[in-house]
Structure formats: structure tokens, C-alpha cells
file structure.cif (mmCIF, C-alpha atoms)
data_my_file
#
loop_
_atom_site.group_PDB
_atom_site.id
_atom_site.type_symbol
_atom_site.label_atom_id
_atom_site.label_comp_id
_atom_site.auth_asym_id
_atom_site.auth_seq_id
_atom_site.Cartn_x
_atom_site.Cartn_y
_atom_site.Cartn_z
ATOM 1 C CA GLU X 27 31.190 -82.357 -35.827
ATOM 2 C CA ALA X 28 33.465 -79.387 -36.325
ATOM 3 C CA GLY X 29 36.928 -79.691 -34.858
ATOM 4 C CA VAL X 30 39.011 -77.293 -32.818
ATOM 5 C CA ALA X 31 39.617 -74.150 -34.842
ATOM 6 C CA GLN X 32 42.771 -72.081 -34.482
ATOM 7 C CA SER X 33 44.005 -68.949 -36.184
ATOM 8 C CA PRO X 34 46.256 -67.820 -37.609
ATOM 9 C CA ARG X 35 48.007 -70.908 -38.992
ATOM 10 C CA TYR X 36 51.353 -69.134 -39.311
ATOM 11 C CA LYS X 37 52.840 -65.997 -37.806
ATOM 12 C CA ILE X 38 56.237 -64.380 -38.150
ATOM 13 C CA ILE X 39 57.137 -61.538 -35.817
ATOM 14 C CA GLU X 40 60.242 -59.767 -34.627
ATOM 15 C CA LYS X 41 61.470 -60.224 -31.086
ATOM 16 C CA ARG X 42 59.914 -57.854 -28.563
ATOM 17 C CA GLN X 43 56.723 -57.617 -30.628
ATOM 18 C CA SER X 44 53.424 -58.932 -29.359
ATOM 19 C CA VAL X 45 51.249 -61.644 -30.865
ATOM 20 C CA ALA X 46 47.891 -63.238 -30.158
ATOM 21 C CA PHE X 47 46.460 -66.628 -31.060
ATOM 22 C CA TRP X 48 42.803 -67.554 -31.109
ATOM 23 C CA CYS X 49 41.113 -70.867 -30.436
ATOM 24 C CA ASN X 50 37.509 -71.998 -30.766
ATOM 25 C CA PRO X 51 36.979 -75.391 -29.122
ATOM 26 C CA ILE X 52 34.492 -78.056 -30.067
ATOM 27 C CA SER X 53 31.000 -76.991 -29.102
ATOM 28 C CA GLY X 54 30.084 -78.129 -25.610
ATOM 29 C CA HIS X 55 33.634 -78.862 -24.508
ATOM 30 C CA ALA X 56 34.148 -77.370 -21.070
ATOM 31 C CA THR X 57 37.883 -77.923 -20.876
ATOM 32 C CA LEU X 58 40.341 -76.040 -23.058
ATOM 33 C CA TYR X 59 44.114 -76.422 -23.158
ATOM 34 C CA TRP X 60 46.962 -74.475 -24.693
ATOM 35 C CA TYR X 61 50.138 -76.410 -25.416
ATOM 36 C CA GLN X 62 53.506 -75.240 -26.712
ATOM 37 C CA GLN X 63 55.400 -77.580 -29.019
ATOM 38 C CA ILE X 64 59.010 -76.652 -29.679
ATOM 39 C CA LEU X 65 60.631 -78.323 -32.686
ATOM 40 C CA GLY X 66 61.835 -81.813 -31.816
ATOM 41 C CA GLN X 67 59.878 -81.978 -28.562
ATOM 42 C CA GLY X 68 56.458 -83.131 -27.476
ATOM 43 C CA PRO X 69 53.739 -80.637 -26.623
ATOM 44 C CA LYS X 70 53.972 -79.020 -23.175
ATOM 45 C CA LEU X 71 50.931 -77.681 -21.369
ATOM 46 C CA LEU X 72 50.880 -73.924 -20.868
ATOM 47 C CA ILE X 73 47.417 -73.450 -19.403
ATOM 48 C CA GLN X 74 44.202 -75.373 -18.804
ATOM 49 C CA PHE X 75 40.751 -73.831 -18.474
ATOM 50 C CA GLN X 76 37.615 -75.395 -17.091
ATOM 51 C CA ASN X 77 34.818 -73.241 -18.513
ATOM 52 C CA ASN X 78 36.199 -69.732 -17.944
ATOM 53 C CA GLY X 79 38.308 -70.573 -14.896
ATOM 54 C CA VAL X 80 42.001 -71.455 -14.864
ATOM 55 C CA VAL X 81 42.730 -74.990 -13.611
ATOM 56 C CA ASP X 82 46.476 -75.123 -14.213
ATOM 57 C CA ASP X 83 48.828 -72.391 -15.371
ATOM 58 C CA SER X 84 51.909 -73.578 -13.524
ATOM 59 C CA GLN X 85 54.039 -73.714 -16.674
ATOM 60 C CA LEU X 86 52.848 -70.467 -18.218
ATOM 61 C CA PRO X 87 55.608 -67.814 -18.287
ATOM 62 C CA LYS X 88 53.379 -65.203 -16.750
ATOM 63 C CA ASP X 89 55.798 -62.335 -17.252
ATOM 64 C CA ARG X 90 55.137 -62.485 -20.992
ATOM 65 C CA PHE X 91 52.307 -64.938 -21.652
ATOM 66 C CA SER X 92 48.662 -64.405 -20.864
ATOM 67 C CA ALA X 93 45.500 -66.259 -21.763
ATOM 68 C CA GLU X 94 41.824 -65.760 -21.290
ATOM 69 C CA ARG X 95 38.658 -67.635 -21.975
ATOM 70 C CA LEU X 96 35.886 -65.140 -21.609
ATOM 71 C CA LYS X 97 32.377 -66.629 -21.541
ATOM 72 C CA GLY X 98 33.868 -70.104 -21.337
ATOM 73 C CA VAL X 99 33.965 -70.694 -25.061
ATOM 74 C CA ASP X 100 36.766 -69.407 -27.275
ATOM 75 C CA SER X 101 40.156 -68.445 -25.943
ATOM 76 C CA THR X 102 43.058 -66.137 -26.733
ATOM 77 C CA LEU X 103 46.714 -66.695 -25.911
ATOM 78 C CA LYS X 104 48.988 -63.656 -26.007
ATOM 79 C CA ILE X 105 52.732 -63.213 -25.898
ATOM 80 C CA GLN X 106 54.131 -59.798 -25.079
ATOM 81 C CA PRO X 107 57.004 -59.235 -25.659
ATOM 82 C CA ALA X 108 58.071 -62.221 -27.730
ATOM 83 C CA LYS X 109 61.511 -63.790 -27.434
ATOM 84 C CA LEU X 110 63.383 -65.921 -29.944
ATOM 85 C CA GLU X 111 62.836 -69.004 -27.782
ATOM 86 C CA ASP X 112 59.054 -68.589 -28.143
ATOM 87 C CA SER X 113 59.315 -69.908 -31.700
ATOM 88 C CA ALA X 114 57.113 -72.996 -31.600
ATOM 89 C CA VAL X 115 53.764 -74.416 -32.597
ATOM 90 C CA TYR X 116 50.970 -73.391 -30.237
ATOM 91 C CA LEU X 117 48.312 -76.047 -29.990
ATOM 92 C CA CYS X 118 44.837 -75.653 -28.637
ATOM 93 C CA ALA X 119 42.891 -78.694 -27.482
ATOM 94 C CA SER X 120 39.520 -79.269 -25.900
ATOM 95 C CA SER X 121 37.713 -82.052 -24.102
ATOM 96 C CA LEU X 122 34.265 -82.595 -22.679
ATOM 97 C CA ASP X 123 35.602 -82.578 -19.138
ATOM 98 C CA PRO X 124 38.952 -82.742 -17.349
ATOM 99 C CA GLY X 125 38.554 -86.337 -16.252
ATOM 100 C CA GLY X 126 41.112 -87.731 -18.616
ATOM 101 C CA VAL X 127 38.900 -88.447 -21.586
ATOM 102 C CA GLU X 128 40.110 -87.785 -25.099
ATOM 103 C CA ALA X 129 41.403 -84.324 -25.930
ATOM 104 C CA PHE X 130 40.869 -83.067 -29.488
ATOM 105 C CA PHE X 131 43.596 -80.905 -30.972
ATOM 106 C CA GLY X 132 43.524 -78.063 -33.443
ATOM 107 C CA GLN X 133 46.045 -77.739 -36.249
ATOM 108 C CA GLY X 134 48.099 -75.248 -34.312
ATOM 109 C CA THR X 135 49.685 -71.886 -34.965
ATOM 110 C CA ARG X 136 53.309 -71.950 -36.036
ATOM 111 C CA LEU X 137 55.078 -68.929 -34.570
ATOM 112 C CA THR X 138 58.474 -67.819 -35.788
ATOM 113 C CA VAL X 139 60.217 -65.071 -33.846
ATOM 114 C CA VAL X 140 63.099 -63.428 -35.730
ATOM 115 C CA ALA M 16 59.825 -85.201 -11.894
ATOM 116 C CA GLN M 17 57.019 -86.659 -13.936
ATOM 117 C CA SER M 18 58.156 -87.563 -17.434
ATOM 118 C CA VAL M 19 57.464 -89.666 -20.499
ATOM 119 C CA SER M 20 60.294 -91.138 -22.506
ATOM 120 C CA GLN M 21 60.106 -92.448 -26.044
ATOM 121 C CA HIS M 22 63.001 -94.671 -26.980
ATOM 122 C CA ASN M 23 63.430 -93.815 -30.616
ATOM 123 C CA HIS M 24 63.611 -90.397 -32.214
ATOM 124 C CA HIS M 25 63.405 -91.576 -35.822
ATOM 125 C CA VAL M 26 62.477 -95.004 -37.146
ATOM 126 C CA ILE M 27 62.736 -96.021 -40.792
ATOM 127 C CA LEU M 28 60.962 -99.149 -41.987
ATOM 128 C CA SER M 29 60.006 -100.764 -45.250
ATOM 129 C CA GLU M 30 56.366 -101.509 -45.994
ATOM 130 C CA ALA M 31 55.095 -104.730 -44.396
ATOM 131 C CA ALA M 32 57.718 -104.590 -41.649
ATOM 132 C CA SER M 33 56.563 -104.860 -38.062
ATOM 133 C CA LEU M 34 56.633 -101.824 -35.800
ATOM 134 C CA GLU M 35 57.220 -101.392 -32.111
ATOM 135 C CA LEU M 36 57.677 -97.961 -30.564
ATOM 136 C CA GLY M 37 58.751 -97.825 -26.962
ATOM 137 C CA CYS M 38 57.266 -95.574 -24.287
ATOM 138 C CA ASN M 39 58.089 -95.426 -20.597
ATOM 139 C CA TYR M 40 56.711 -93.076 -17.994
ATOM 140 C CA SER M 41 57.709 -92.085 -14.507
ATOM 141 C CA TYR M 42 54.645 -91.588 -12.333
ATOM 142 C CA GLY M 43 53.854 -92.978 -8.934
ATOM 143 C CA GLY M 44 50.096 -92.775 -9.225
ATOM 144 C CA THR M 45 47.394 -94.297 -11.373
ATOM 145 C CA VAL M 46 47.630 -93.130 -14.932
ATOM 146 C CA ASN M 47 45.741 -92.954 -18.179
ATOM 147 C CA LEU M 48 47.878 -93.665 -21.233
ATOM 148 C CA PHE M 49 47.562 -92.446 -24.801
ATOM 149 C CA TRP M 50 49.195 -92.652 -28.163
ATOM 150 C CA TYR M 51 48.635 -89.735 -30.539
ATOM 151 C CA VAL M 52 49.626 -89.571 -34.192
ATOM 152 C CA GLN M 53 50.371 -86.523 -36.312
ATOM 153 C CA TYR M 54 50.350 -87.088 -40.066
ATOM 154 C CA PRO M 55 52.256 -84.542 -42.161
ATOM 155 C CA GLY M 56 50.401 -81.233 -42.194
ATOM 156 C CA GLN M 57 47.621 -82.471 -39.945
ATOM 157 C CA HIS M 58 46.626 -82.099 -36.332
ATOM 158 C CA LEU M 59 47.305 -84.520 -33.520
ATOM 159 C CA GLN M 60 44.827 -87.401 -33.511
ATOM 160 C CA LEU M 61 44.184 -90.035 -30.893
ATOM 161 C CA LEU M 62 45.400 -93.462 -31.951
ATOM 162 C CA LEU M 63 44.426 -95.377 -28.833
ATOM 163 C CA LYS M 64 44.045 -94.991 -25.096
ATOM 164 C CA TYR M 65 44.201 -97.077 -21.946
ATOM 165 C CA PHE M 66 42.252 -96.235 -18.823
ATOM 166 C CA SER M 67 41.751 -99.611 -17.134
ATOM 167 C CA GLY M 68 40.940 -103.257 -17.819
ATOM 168 C CA ASP M 69 42.600 -105.370 -20.501
ATOM 169 C CA PRO M 70 46.195 -104.092 -20.777
ATOM 170 C CA LEU M 71 46.247 -104.890 -24.494
ATOM 171 C CA VAL M 72 44.496 -102.034 -26.219
ATOM 172 C CA LYS M 73 43.484 -101.950 -29.864
ATOM 173 C CA GLY M 74 43.280 -98.672 -31.708
ATOM 174 C CA ILE M 75 42.564 -97.398 -35.161
ATOM 175 C CA LYS M 76 44.327 -98.497 -38.343
ATOM 176 C CA GLY M 77 45.555 -101.797 -36.917
ATOM 177 C CA PHE M 78 47.617 -100.319 -34.094
ATOM 178 C CA GLU M 79 47.705 -101.801 -30.624
ATOM 179 C CA ALA M 80 49.534 -101.061 -27.410
ATOM 180 C CA GLU M 81 50.306 -103.052 -24.295
ATOM 181 C CA PHE M 82 50.370 -101.560 -20.814
ATOM 182 C CA ILE M 83 52.896 -103.282 -18.568
ATOM 183 C CA LYS M 84 52.462 -101.737 -15.146
ATOM 184 C CA SER M 85 55.562 -103.339 -13.620
ATOM 185 C CA LYS M 86 57.720 -101.821 -16.332
ATOM 186 C CA PHE M 87 55.910 -98.472 -16.503
ATOM 187 C CA SER M 88 55.656 -99.045 -20.233
ATOM 188 C CA PHE M 89 53.053 -98.571 -22.945
ATOM 189 C CA ASN M 90 54.614 -99.712 -26.205
ATOM 190 C CA LEU M 91 52.895 -99.230 -29.536
ATOM 191 C CA ARG M 92 52.843 -102.043 -32.099
ATOM 192 C CA LYS M 93 51.639 -102.776 -35.593
ATOM 193 C CA PRO M 94 52.339 -106.106 -37.315
ATOM 194 C CA SER M 95 52.651 -104.683 -40.833
ATOM 195 C CA VAL M 96 53.191 -100.999 -41.570
ATOM 196 C CA GLN M 97 52.065 -99.165 -44.682
ATOM 197 C CA TRP M 98 53.494 -96.117 -46.408
ATOM 198 C CA SER M 99 50.488 -94.165 -45.104
ATOM 199 C CA ASP M 100 51.668 -94.771 -41.531
ATOM 200 C CA THR M 101 54.453 -92.268 -42.096
ATOM 201 C CA ALA M 102 53.874 -89.760 -39.298
ATOM 202 C CA GLU M 103 55.070 -88.628 -35.898
ATOM 203 C CA TYR M 104 53.872 -90.639 -32.924
ATOM 204 C CA PHE M 105 53.533 -89.273 -29.412
ATOM 205 C CA CYS M 106 53.048 -91.189 -26.212
ATOM 206 C CA ALA M 107 51.242 -89.265 -23.476
ATOM 207 C CA VAL M 108 50.154 -89.784 -19.900
ATOM 208 C CA ASN M 109 47.872 -88.077 -17.468
ATOM 209 C CA LEU M 110 47.277 -88.684 -13.810
ATOM 210 C CA ARG M 111 43.852 -90.045 -13.048
ATOM 211 C CA ASN M 112 41.700 -87.689 -10.990
ATOM 212 C CA GLN M 113 44.100 -84.807 -11.466
ATOM 213 C CA GLY M 114 42.644 -83.191 -14.516
ATOM 214 C CA GLY M 115 43.217 -83.879 -18.140
ATOM 215 C CA LYS M 116 46.690 -82.376 -18.466
ATOM 216 C CA LEU M 117 48.737 -84.563 -20.787
ATOM 217 C CA ILE M 118 52.461 -85.107 -20.363
ATOM 218 C CA PHE M 119 53.926 -85.978 -23.755
ATOM 219 C CA GLY M 120 57.027 -87.814 -24.792
ATOM 220 C CA GLN M 121 59.326 -86.184 -27.289
ATOM 221 C CA GLY M 122 57.835 -88.049 -30.208
ATOM 222 C CA THR M 123 59.039 -90.677 -32.673
ATOM 223 C CA GLU M 124 59.144 -89.900 -36.347
ATOM 224 C CA LEU M 125 58.243 -92.951 -38.427
ATOM 225 C CA SER M 126 59.211 -93.076 -42.087
ATOM 226 C CA VAL M 127 57.877 -95.999 -44.107
ATOM 227 C CA LYS M 128 59.551 -96.679 -47.435
ATOM 228 C CA PRO M 129 57.271 -97.963 -50.199
#
call {"tool": "encode", "arguments": {"input": "structure.cif", "output": "C-alpha cells"}}
result
Amino acid sequence: EAGVAQSPRYKIIEKRQSVAFWCNPISGHATLYWYQQILGQGPKLLIQFQNNGVVDDSQLPKDRFSAERLKGVDSTLKIQPAKLEDSAVYLCASSLDPGGVEAFFGQGTRLTVV
Amino acid sequence: AQSVSQHNHHVILSEAASLELGCNYSYGGTVNLFWYVQYPGQHLQLLLKYFSGDPLVKGIKGFEAEFIKSKFSFNLRKPSVQWSDTAEYFCAVNLRNQGGKLIFGQGTELSVKP
């Protein structure tokens, strides 16, 4: 079975620019997560979708971050404008349902803001 | 606040040495517990998980973990490590019946010398 696909793998932008990341979850997985992993730390949840609805976005900096999951399949995470502290790996994960079963992770997008 | 703490940031072992990585969590409710592994250049993969039942859980590649409820701990063990176990290991927790959001520890980098 195909895994979680993310693109791009790497991105370098200047501060105040905008950037977008794309994620295609495993087919049939209703739940999709975006995590932010800053160097030296564990991943931190930014937003969780169940189909195309938001379940949890309590830790999403909504003044600059936005995410959507139109049609309940693939998802886009956007940052506008980027700050230096947004430099991190952005991980997408999916699971069959939100009941605590295994989440499958993509390889992530490494963002560097200069 | 809910948190997961991993005791060691970086562990260096020789091949055939035994491994124990500590993990403690601070949650009042019923939890699901996970260990994820990230090999160099690869995505996060599930090593093992505990939902209920026998507190000694066996995972892939000879790893096991023991859930000790009274100590809020879920330590990872392997009796004899190999060079190929070199990776970063993350302990994670989610609250049962409150969605699949994972709270991760900060990770432990394991280096195994051949």
C-alpha cells in the first residue's frame, strides 16, 4: 500500500514570504494530521482533520498558518508570512479513524526560513 | 499540562549492549502509548503500541516496552542492539476517546557503534 505522500521535501524561503505544503494521505484514511517538528524536539500537532472537518486546531498559529482538506482527501498547509521560528520539519500523518489506532507518517517537508 | 518526558537525549552503545530508553507521561486519564522510530533519512515508523491488556508489549525488530501504570512510565528495551538500530526514538501518548492526537516526547537519539 502506498504511504503518506508529501511535497516538497525541502523548501528555503525568506522571512515574510509565503509557502505551502501538500499532503496526500493513505487511501481510505479519514483522519489527517499536520505536525511541526522543530530541531531537537518531538513533533507537535498543528491541526487534525476528520474527513474535511477540523477536529483540533488549538495549537495552530492562526494569524499566519492555515490548512484545508477539501473533499476530505489531500490537504494543504500554508504559512503566510513566514517567520524565522517557523523553520522546522512539517509532518503529515493519517489514520483510518481518530480512535487512537496507528498513525502513518510521511517523510516530511523541511522548511528553512532565512 | 499534559506532557511526555524522555530521560535521555543521546545514548551511545556498542553492538550487543542492552538498551533501555525511559519515557514518562503526565496524564490523568486512560492513555494509549506508542514508541516511534525514525531511521536516518526516513519517516517516522511505529515500533510498538500499548492500548490495554498485557503491560509487556513486543514490537518489531526485537524491541519491547513495559507499561507501569503506577509510575506513568512506558520504557523501551532491547536485550542486544545492532548497528542498524541507530535512529531517533520517540515516545508518544494519546488520550483514549479523545481523538488520535499524539503528544510526543522530545526524542532520544541512539547511536550504536559497530
call {"tool": "resolve_selection", "arguments": {"input": "structure.cif", "expression": "the PyMOL selection byres ((chain X and resi 101) around 10)", "output": "list in words"}}
result
Gln32, Phe47, Trp48, Cys49, Asn50, Pro51, Leu58, Tyr59, Trp60, Phe75, Asn78, Ala93, Glu94, Arg95, Leu96, Lys97, Gly98, Val99, Asp100, Thr102, Leu103 and Cys118 of chain X
call {"tool": "interface_residues", "arguments": {"input": "structure.cif", "of": "chain M", "to": "chain X", "cutoff": "10 Å", "atoms": "all atoms listed in the file", "output": "MDAnalysis selection string"}}
result
chainID M and resid 19 24 46:49 53 56:61 63:64 66 104:124
call {"tool": "atom_distance", "arguments": {"input": "structure.cif", "atom1": "atom CA of X:Val45", "atom2": "atom CA of X:Glu111"}}
result
14.1 Å
call {"tool": "closest_residue", "arguments": {"input": "structure.cif", "among": "X:Ser84, X:Asn77, X:Thr138, X:Gln106", "to": "X:Gln43", "atoms": "only C-alpha atoms"}}
result
X:Gln106
call {"tool": "residues_around", "arguments": {"input": "structure.cif", "residues": "stretch 30-39 of chain M", "least_positions_apart": "6", "cutoff": "8 Å", "atoms": "all atoms listed in the file", "output": "MDAnalysis selection string"}}
result
chainID M and resid 19:23 86:98 106 120 123 127:129
call {"tool": "closest_residue", "arguments": {"input": "structure.cif", "among": "X:Val140, X:Ala46, X:Ala31, X:Ala114", "to": "X:Ser92", "atoms": "only C-alpha atoms"}}
result
X:Ala46
call {"tool": "atom_distance", "arguments": {"input": "structure.cif", "atom1": "atom CA of M:Leu71", "atom2": "atom CA of M:Ser18"}}
result
22.2 Å
call {"tool": "residues_around", "arguments": {"input": "structure.cif", "residues": "M:Val72", "least_positions_apart": "3", "cutoff": "9 Å", "atoms": "all atoms listed in the file", "output": "JSON, numbers by chain"}}
result
{"M": [63, 64, 65, 69, 78, 79, 80, 81, 82]}
call {"tool": "resolve_selection", "arguments": {"input": "structure.cif", "expression": "the PyMOL selection byres ((chain M and resi 101) around 7)", "output": "MDAnalysis selection string"}}
result
chainID M and resid 54 98:100 102 125:127
call {"tool": "closest_residue", "arguments": {"input": "structure.cif", "among": "M:Glu103, M:Val26, M:Gly68, M:Gln17", "to": "M:Tyr42", "atoms": "all atoms listed in the file"}}
result
M:Gln17
call {"tool": "atom_distance", "arguments": {"input": "structure.cif", "atom1": "atom CA of X:Leu110", "atom2": "atom CA of X:Val139"}}
result
5.1 Å
call {"tool": "closest_residue", "arguments": {"input": "structure.cif", "among": "M:Ser41, M:Pro55, M:Trp50, M:Ile27", "to": "M:Ile75", "atoms": "all atoms listed in the file"}}
result
M:Trp50
call {"tool": "decode", "arguments": {"input": "structure.cif", "residues": "stretch 115-135 of chain X", "atoms": "N, CA, C and O atoms", "output": "PDB file, in the first residue's frame"}}
result
ATOM      1  N   VAL X 115      10.549  20.813  10.428  1.00  0.00           N
ATOM      2  CA  VAL X 115      10.033  19.791   9.527  1.00  0.00           C
ATOM      3  C   VAL X 115       8.528  19.699   9.743  1.00  0.00           C
ATOM      4  O   VAL X 115       8.065  19.614  10.891  1.00  0.00           O
ATOM      5  N   TYR X 116       7.768  19.745   8.667  1.00  0.00           N
ATOM      6  CA  TYR X 116       6.318  19.658   8.748  1.00  0.00           C
ATOM      7  C   TYR X 116       5.914  18.260   8.302  1.00  0.00           C
ATOM      8  O   TYR X 116       6.147  17.857   7.161  1.00  0.00           O
ATOM      9  N   LEU X 117       5.319  17.555   9.232  1.00  0.00           N
ATOM     10  CA  LEU X 117       4.962  16.155   9.024  1.00  0.00           C
ATOM     11  C   LEU X 117       3.464  16.019   8.827  1.00  0.00           C
ATOM     12  O   LEU X 117       2.675  16.613   9.560  1.00  0.00           O
ATOM     13  N   CYS X 118       3.104  15.233   7.860  1.00  0.00           N
ATOM     14  CA  CYS X 118       1.711  14.874   7.664  1.00  0.00           C
ATOM     15  C   CYS X 118       1.552  13.411   8.059  1.00  0.00           C
ATOM     16  O   CYS X 118       2.441  12.586   7.820  1.00  0.00           O
ATOM     17  N   ALA X 119       0.442  13.101   8.691  1.00  0.00           N
ATOM     18  CA  ALA X 119       0.168  11.719   9.089  1.00  0.00           C
ATOM     19  C   ALA X 119      -1.301  11.430   8.832  1.00  0.00           C
ATOM     20  O   ALA X 119      -2.126  12.344   8.790  1.00  0.00           O
ATOM     21  N   SER X 120      -1.619  10.158   8.662  1.00  0.00           N
ATOM     22  CA  SER X 120      -3.023   9.801   8.501  1.00  0.00           C
ATOM     23  C   SER X 120      -3.321   8.509   9.241  1.00  0.00           C
ATOM     24  O   SER X 120      -2.427   7.708   9.514  1.00  0.00           O
ATOM     25  N   SER X 121      -4.574   8.336   9.583  1.00  0.00           N
ATOM     26  CA  SER X 121      -5.020   7.100  10.222  1.00  0.00           C
ATOM     27  C   SER X 121      -6.434   6.795   9.755  1.00  0.00           C
ATOM     28  O   SER X 121      -7.153   7.676   9.296  1.00  0.00           O
ATOM     29  N   LEU X 122      -6.814   5.538   9.930  1.00  0.00           N
ATOM     30  CA  LEU X 122      -8.140   5.122   9.481  1.00  0.00           C
ATOM     31  C   LEU X 122      -9.238   5.901  10.182  1.00  0.00           C
ATOM     32  O   LEU X 122     -10.230   6.276   9.590  1.00  0.00           O
ATOM     33  N   ASP X 123      -9.043   6.109  11.494  1.00  0.00           N
ATOM     34  CA  ASP X 123     -10.034   6.851  12.265  1.00  0.00           C
ATOM     35  C   ASP X 123      -9.313   7.498  13.430  1.00  0.00           C
ATOM     36  O   ASP X 123      -8.151   7.200  13.696  1.00  0.00           O
ATOM     37  N   PRO X 124      -9.997   8.368  14.159  1.00  0.00           N
ATOM     38  CA  PRO X 124      -9.310   9.096  15.246  1.00  0.00           C
ATOM     39  C   PRO X 124      -9.297   8.367  16.568  1.00  0.00           C
ATOM     40  O   PRO X 124      -8.982   8.942  17.572  1.00  0.00           O
ATOM     41  N   GLY X 125      -9.620   7.105  16.570  1.00  0.00           N
ATOM     42  CA  GLY X 125      -9.756   6.366  17.820  1.00  0.00           C
ATOM     43  C   GLY X 125      -8.478   5.899  18.454  1.00  0.00           C
ATOM     44  O   GLY X 125      -8.496   5.027  19.316  1.00  0.00           O
ATOM     45  N   GLY X 126      -7.368   6.434  18.039  1.00  0.00           N
ATOM     46  CA  GLY X 126      -6.117   6.076  18.687  1.00  0.00           C
ATOM     47  C   GLY X 126      -5.369   4.956  18.029  1.00  0.00           C
ATOM     48  O   GLY X 126      -4.384   4.484  18.550  1.00  0.00           O
ATOM     49  N   VAL X 127      -5.828   4.502  16.884  1.00  0.00           N
ATOM     50  CA  VAL X 127      -5.076   3.464  16.173  1.00  0.00           C
ATOM     51  C   VAL X 127      -3.846   4.095  15.527  1.00  0.00           C
ATOM     52  O   VAL X 127      -3.650   5.286  15.541  1.00  0.00           O
ATOM     53  N   GLU X 128      -3.036   3.264  14.920  1.00  0.00           N
ATOM     54  CA  GLU X 128      -1.755   3.707  14.398  1.00  0.00           C
ATOM     55  C   GLU X 128      -1.889   4.817  13.381  1.00  0.00           C
ATOM     56  O   GLU X 128      -2.715   4.777  12.480  1.00  0.00           O
ATOM     57  N   ALA X 129      -1.051   5.838  13.528  1.00  0.00           N
ATOM     58  CA  ALA X 129      -0.938   6.909  12.550  1.00  0.00           C
ATOM     59  C   ALA X 129       0.285   6.634  11.689  1.00  0.00           C
ATOM     60  O   ALA X 129       1.338   6.234  12.190  1.00  0.00           O
ATOM     61  N   PHE X 130       0.149   6.834  10.387  1.00  0.00           N
ATOM     62  CA  PHE X 130       1.237   6.622   9.434  1.00  0.00           C
ATOM     63  C   PHE X 130       1.757   7.988   8.994  1.00  0.00           C
ATOM     64  O   PHE X 130       0.975   8.855   8.602  1.00  0.00           O
ATOM     65  N   PHE X 131       3.068   8.152   9.048  1.00  0.00           N
ATOM     66  CA  PHE X 131       3.672   9.442   8.773  1.00  0.00           C
ATOM     67  C   PHE X 131       4.308   9.497   7.391  1.00  0.00           C
ATOM     68  O   PHE X 131       4.857   8.495   6.898  1.00  0.00           O
ATOM     69  N   GLY X 132       4.250  10.674   6.794  1.00  0.00           N
ATOM     70  CA  GLY X 132       5.015  10.946   5.592  1.00  0.00           C
ATOM     71  C   GLY X 132       6.439  11.315   5.944  1.00  0.00           C
ATOM     72  O   GLY X 132       6.803  11.387   7.120  1.00  0.00           O
ATOM     73  N   GLN X 133       7.249  11.551   4.921  1.00  0.00           N
ATOM     74  CA  GLN X 133       8.664  11.856   5.152  1.00  0.00           C
ATOM     75  C   GLN X 133       8.893  13.299   5.590  1.00  0.00           C
ATOM     76  O   GLN X 133       9.971  13.634   6.059  1.00  0.00           O
ATOM     77  N   GLY X 134       7.883  14.123   5.426  1.00  0.00           N
ATOM     78  CA  GLY X 134       8.002  15.483   5.914  1.00  0.00           C
ATOM     79  C   GLY X 134       8.554  16.453   4.893  1.00  0.00           C
ATOM     80  O   GLY X 134       9.172  16.066   3.894  1.00  0.00           O
ATOM     81  N   THR X 135       8.301  17.725   5.157  1.00  0.00           N
ATOM     82  CA  THR X 135       8.882  18.823   4.389  1.00  0.00           C
ATOM     83  C   THR X 135       9.761  19.620   5.332  1.00  0.00           C
ATOM     84  O   THR X 135       9.280  20.105   6.355  1.00  0.00           O
TER      85      THR X 135
END
